[in-house]
>>> print(open('run_20.csv').read())   # CSV, C-alpha atoms
chain,number,residue,atom,x,y,z
A,15,ALA,CA,-37.7,54.6,54.2
A,16,TYR,CA,-34.9,52.1,55.2
A,17,THR,CA,-35.8,48.6,55.7
A,18,VAL,CA,-34.1,46.0,57.8
A,19,GLY,CA,-32.9,44.2,54.7
A,20,ASP,CA,-31.1,47.4,53.5
A,21,VAL,CA,-29.3,47.6,56.8
A,22,HIS,CA,-28.5,43.9,56.7
A,23,SER,CA,-27.2,44.1,53.1
A,24,PHE,CA,-25.0,47.0,54.0
A,25,MET,CA,-23.6,45.2,57.0
A,26,MET,CA,-23.0,42.0,55.1
A,27,HIS,CA,-21.3,43.9,52.3
A,28,ARG,CA,-23.6,42.5,49.7
A,29,ASP,CA,-23.5,45.7,47.7
A,30,ARG,CA,-19.8,45.5,46.9
A,31,VAL,CA,-19.9,48.0,44.1
A,32,ASP,CA,-20.6,50.8,46.5
A,33,ILE,CA,-17.9,49.6,48.9
A,34,GLY,CA,-15.4,49.3,46.1
A,35,MET,CA,-16.1,52.8,44.9
A,36,MET,CA,-15.6,54.1,48.5
A,37,THR,CA,-12.3,52.2,49.1
A,38,ASP,CA,-10.6,52.2,45.6
A,39,PRO,CA,-7.8,54.8,45.4
A,40,GLU,CA,-8.2,57.6,43.0
A,41,LYS,CA,-6.9,56.9,39.5
A,42,PRO,CA,-3.9,59.0,38.6
A,43,GLN,CA,-4.6,61.9,36.3
A,44,ARG,CA,-3.6,61.6,32.7
A,45,PHE,CA,-0.7,63.6,31.2
A,46,GLN,CA,0.9,64.4,34.5
A,47,THR,CA,4.3,64.9,32.9
A,48,ALA,CA,2.9,67.4,30.4
A,49,ARG,CA,1.1,69.3,33.1
A,50,TRP,CA,4.3,69.4,35.3
A,51,MET,CA,6.3,70.7,32.3
A,52,TRP,CA,3.7,73.4,31.6
A,53,ARG,CA,3.7,74.5,35.2
A,54,ASN,CA,7.5,74.5,35.3
A,55,LYS,CA,8.2,75.7,31.8
A,56,VAL,CA,10.8,78.3,32.8
A,57,LEU,CA,12.8,75.7,34.7
A,58,VAL,CA,12.6,73.2,31.8
A,59,LEU,CA,13.6,75.9,29.2
A,60,SER,CA,16.5,77.0,31.4
A,61,CYS,CA,17.7,73.4,31.8
A,62,LEU,CA,17.4,72.9,28.0
A,63,CYS,CA,19.5,76.1,27.4
A,64,ILE,CA,22.1,74.8,29.8
A,65,VAL,CA,22.3,71.5,28.1
A,66,ALA,CA,22.5,73.1,24.7
A,67,SER,CA,25.3,75.4,25.8
A,68,MET,CA,27.1,72.3,27.3
A,69,ALA,CA,26.7,70.5,24.0
A,70,TRP,CA,28.1,73.5,22.2
A,71,GLN,CA,31.1,73.6,24.5
A,72,LEU,CA,31.7,69.9,24.0
A,73,ARG,CA,31.5,70.3,20.3
A,74,GLU,CA,34.1,73.1,20.4
A,75,GLN,CA,36.3,71.0,22.8
A,76,ALA,CA,36.1,68.0,20.4
A,77,ALA,CA,37.1,70.2,17.5
A,78,SER,CA,40.1,71.5,19.5
A,79,ILE,CA,41.0,68.0,20.6
A,80,ASP,CA,41.0,66.8,17.0
A,81,LYS,CA,43.1,69.7,15.9
A,82,LEU,CA,45.6,69.0,18.7
A,83,LYS,CA,45.7,65.3,17.7
A,84,SER,CA,46.5,66.2,14.1
A,85,GLU,CA,49.2,68.6,15.3
A,86,ASN,CA,50.6,65.9,17.5
A,87,ARG,CA,50.7,63.5,14.6
A,88,VAL,CA,52.5,66.1,12.5
A,89,LEU,CA,55.0,66.9,15.2
A,90,THR,CA,55.6,63.2,15.9
A,91,ALA,CA,56.3,62.6,12.2
A,92,THR,CA,58.6,65.6,12.2
A,93,ARG,CA,60.4,64.4,15.3
A,94,GLY,CA,60.9,61.0,13.7
A,95,ASP,CA,62.3,62.6,10.5
A,96,LEU,CA,64.6,64.8,12.6
A,97,LEU,CA,65.8,61.9,14.6
A,98,ARG,CA,66.5,59.8,11.5
A,99,LYS,CA,68.3,62.8,9.9
A,100,HIS,CA,70.3,63.4,13.1
A,101,SER,CA,71.3,59.7,13.4
A,102,LYS,CA,72.4,59.8,9.7
A,103,GLU,CA,74.5,62.9,10.3
A,104,MET,CA,76.0,61.4,13.4
A,105,ALA,CA,76.9,58.2,11.5
A,106,GLY,CA,78.4,60.3,8.7
A,107,ALA,CA,80.4,62.4,11.2
A,108,ARG,CA,81.6,59.2,12.9
A,109,GLU,CA,82.7,57.8,9.6
A,110,GLU,CA,84.5,61.0,8.7
A,111,GLU,CA,86.2,61.1,12.0
A,112,GLN,CA,87.3,57.5,11.7
A,113,ARG,CA,88.6,58.2,8.2
A,114,LYS,CA,90.5,61.3,9.4
A,115,CYS,CA,91.9,59.3,12.4
A,116,SER,CA,92.9,56.5,10.1
A,117,ALA,CA,94.6,58.9,7.7
A,118,GLU,CA,96.4,60.6,10.6
A,119,ARG,CA,97.5,57.2,12.0
A,120,THR,CA,98.8,56.2,8.6
A,121,GLU,CA,100.7,59.5,8.2
A,122,THR,CA,102.1,59.2,11.8
A,123,GLN,CA,103.2,55.6,11.1
A,124,ARG,CA,104.8,56.7,7.8
A,125,MET,CA,106.6,59.6,9.6
A,126,HIS,CA,107.7,57.2,12.4
A,127,ASP,CA,109.0,54.7,9.8
A,128,LEU,CA,111.0,57.5,8.1
A,129,GLU,CA,112.4,58.6,11.4
A,130,VAL,CA,113.4,55.1,12.3
A,131,GLU,CA,115.0,54.7,8.9
A,132,ASN,CA,116.8,58.0,9.3
A,133,CYS,CA,118.0,57.0,12.8
A,134,ARG,CA,119.1,53.6,11.4
A,135,LEU,CA,121.1,55.4,8.6
A,136,GLN,CA,122.7,57.8,11.1
A,137,LEU,CA,123.6,54.9,13.3
A,138,GLN,CA,124.9,53.0,10.4
A,139,ASN,CA,127.0,56.0,9.3
A,140,LYS,CA,128.4,56.5,12.8
A,141,MET,CA,129.2,52.8,13.0
A,142,ASP,CA,130.8,52.9,9.5
A,143,ALA,CA,132.8,55.9,10.6
A,144,HIS,CA,133.8,54.3,13.8
A,145,TYR,CA,134.7,51.1,12.0
A,146,THR,CA,136.7,52.9,9.4
A,147,ARG,CA,138.5,55.0,12.1
A,148,SER,CA,139.2,51.9,14.2
A,149,LYS,CA,140.5,50.1,11.0
A,150,VAL,CA,142.7,53.1,10.2
A,151,LEU,CA,144.0,53.2,13.8
A,152,SER,CA,144.6,49.5,13.9
A,153,HIS,CA,146.3,49.8,10.5
A,154,ARG,CA,148.7,52.5,11.8
A,155,GLN,CA,149.8,50.6,14.7
>>> encode(input="run_20.csv", output="structure tokens")
Amino acid sequence: AYTVGDVHSFMMHRDRVDIGMMTDPEKPQRFQTARWMWRNKVLVLSCLCIVASMAWQLREQAASIDKLKSENRVLTATRGDLLRKHSKEMAGAREEEQRKCSAERTETQRMHDLEVENCRLQLQNKMDAHYTRSKVLSHRQ
């Protein structure tokens, strides 16, 4: 049944279609991802549940972060208001203290001037008395 030409054509690779069919790699199957997902559906669903729960947690954390940011803004504004109020109160207290000190200094200066005048008058009286006495004594002699 085989002839010499058949053998020679096989050896000379004249029938390349057959050789190509024998040596070509097998083509990949279609829808491999879908098949893998179907085979591992429990794993895929559990991963999706984990991702969904993580997304839920992130959403809650984002909400709490936004709430904390707004509270921080409110507290910062309150702190600024309190600092301005405190600095105004301190400036008012300083001015009041300076006014009191100035009034006390003025009063002390006035009292000092009165005492100096009083001492001057007493000294003047003593000197007048001494002068008068010495005049009388000198007149008697």
>>> atom_distance(input="run_20.csv", atom1="CA of Ser152 (chain A)", atom2="CA of Cys133 (chain A)")
27.7 Å
>>> atom_distance(input="run_20.csv", atom1="CA of Thr47 (chain A)", atom2="CA of Ala66 (chain A)")
21.6 Å
>>> atom_distance(input="run_20.csv", atom1="CA of Lys140 (chain A)", atom2="CA of Glu121 (chain A)")
28.2 Å
>>> build_atoms(input="run_20.csv", residues="region 130-143 of chain A", atoms="N, CA and C atoms", output="mmCIF file, in the frame of the given file")
data_model
loop_
_atom_site.group_PDB
_atom_site.id
_atom_site.type_symbol
_atom_site.label_atom_id
_atom_site.label_comp_id
_atom_site.auth_asym_id
_atom_site.auth_seq_id
_atom_site.Cartn_x
_atom_site.Cartn_y
_atom_site.Cartn_z
ATOM 1 N N VAL A 130 112.627 56.275 11.952
ATOM 2 C CA VAL A 130 113.400 55.100 12.300
ATOM 3 C C VAL A 130 114.438 54.793 11.265
ATOM 4 N N GLU A 131 114.051 54.903 9.993
ATOM 5 C CA GLU A 131 115.000 54.700 8.900
ATOM 6 C C GLU A 131 116.144 55.701 8.953
ATOM 7 N N ASN A 132 115.785 56.960 9.214
ATOM 8 C CA ASN A 132 116.800 58.000 9.300
ATOM 9 C C ASN A 132 117.745 57.738 10.471
ATOM 10 N N CYS A 133 117.174 57.353 11.626
ATOM 11 C CA CYS A 133 118.000 57.000 12.800
ATOM 12 C C CYS A 133 118.911 55.827 12.456
ATOM 13 N N ARG A 134 118.356 54.833 11.775
ATOM 14 C CA ARG A 134 119.100 53.600 11.400
ATOM 15 C C ARG A 134 120.290 54.045 10.483
ATOM 16 N N LEU A 135 120.006 54.930 9.526
ATOM 17 C CA LEU A 135 121.100 55.400 8.600
ATOM 18 C C LEU A 135 122.140 56.166 9.366
ATOM 19 N N GLN A 136 121.697 57.052 10.278
ATOM 20 C CA GLN A 136 122.700 57.800 11.100
ATOM 21 C C GLN A 136 123.534 56.876 11.909
ATOM 22 N N LEU A 137 122.887 55.902 12.517
ATOM 23 C CA LEU A 137 123.600 54.900 13.300
ATOM 24 C C LEU A 137 124.588 54.144 12.461
ATOM 25 N N GLN A 138 124.101 53.760 11.295
ATOM 26 C CA GLN A 138 124.900 53.000 10.400
ATOM 27 C C GLN A 138 126.146 53.852 9.936
ATOM 28 N N ASN A 139 125.895 55.128 9.638
ATOM 29 C CA ASN A 139 127.000 56.000 9.300
ATOM 30 C C ASN A 139 127.997 56.168 10.396
ATOM 31 N N LYS A 140 127.498 56.341 11.613
ATOM 32 C CA LYS A 140 128.400 56.500 12.800
ATOM 33 C C LYS A 140 129.187 55.196 12.967
ATOM 34 N N MET A 141 128.472 54.065 12.813
ATOM 35 C CA MET A 141 129.200 52.800 13.000
ATOM 36 C C MET A 141 130.212 52.589 11.876
ATOM 37 N N ASP A 142 129.855 52.974 10.654
ATOM 38 C CA ASP A 142 130.800 52.900 9.500
ATOM 39 C C ASP A 142 132.021 53.763 9.802
ATOM 40 N N ALA A 143 131.723 54.993 10.296
ATOM 41 C CA ALA A 143 132.800 55.900 10.600
ATOM 42 C C ALA A 143 133.674 55.379 11.699
#
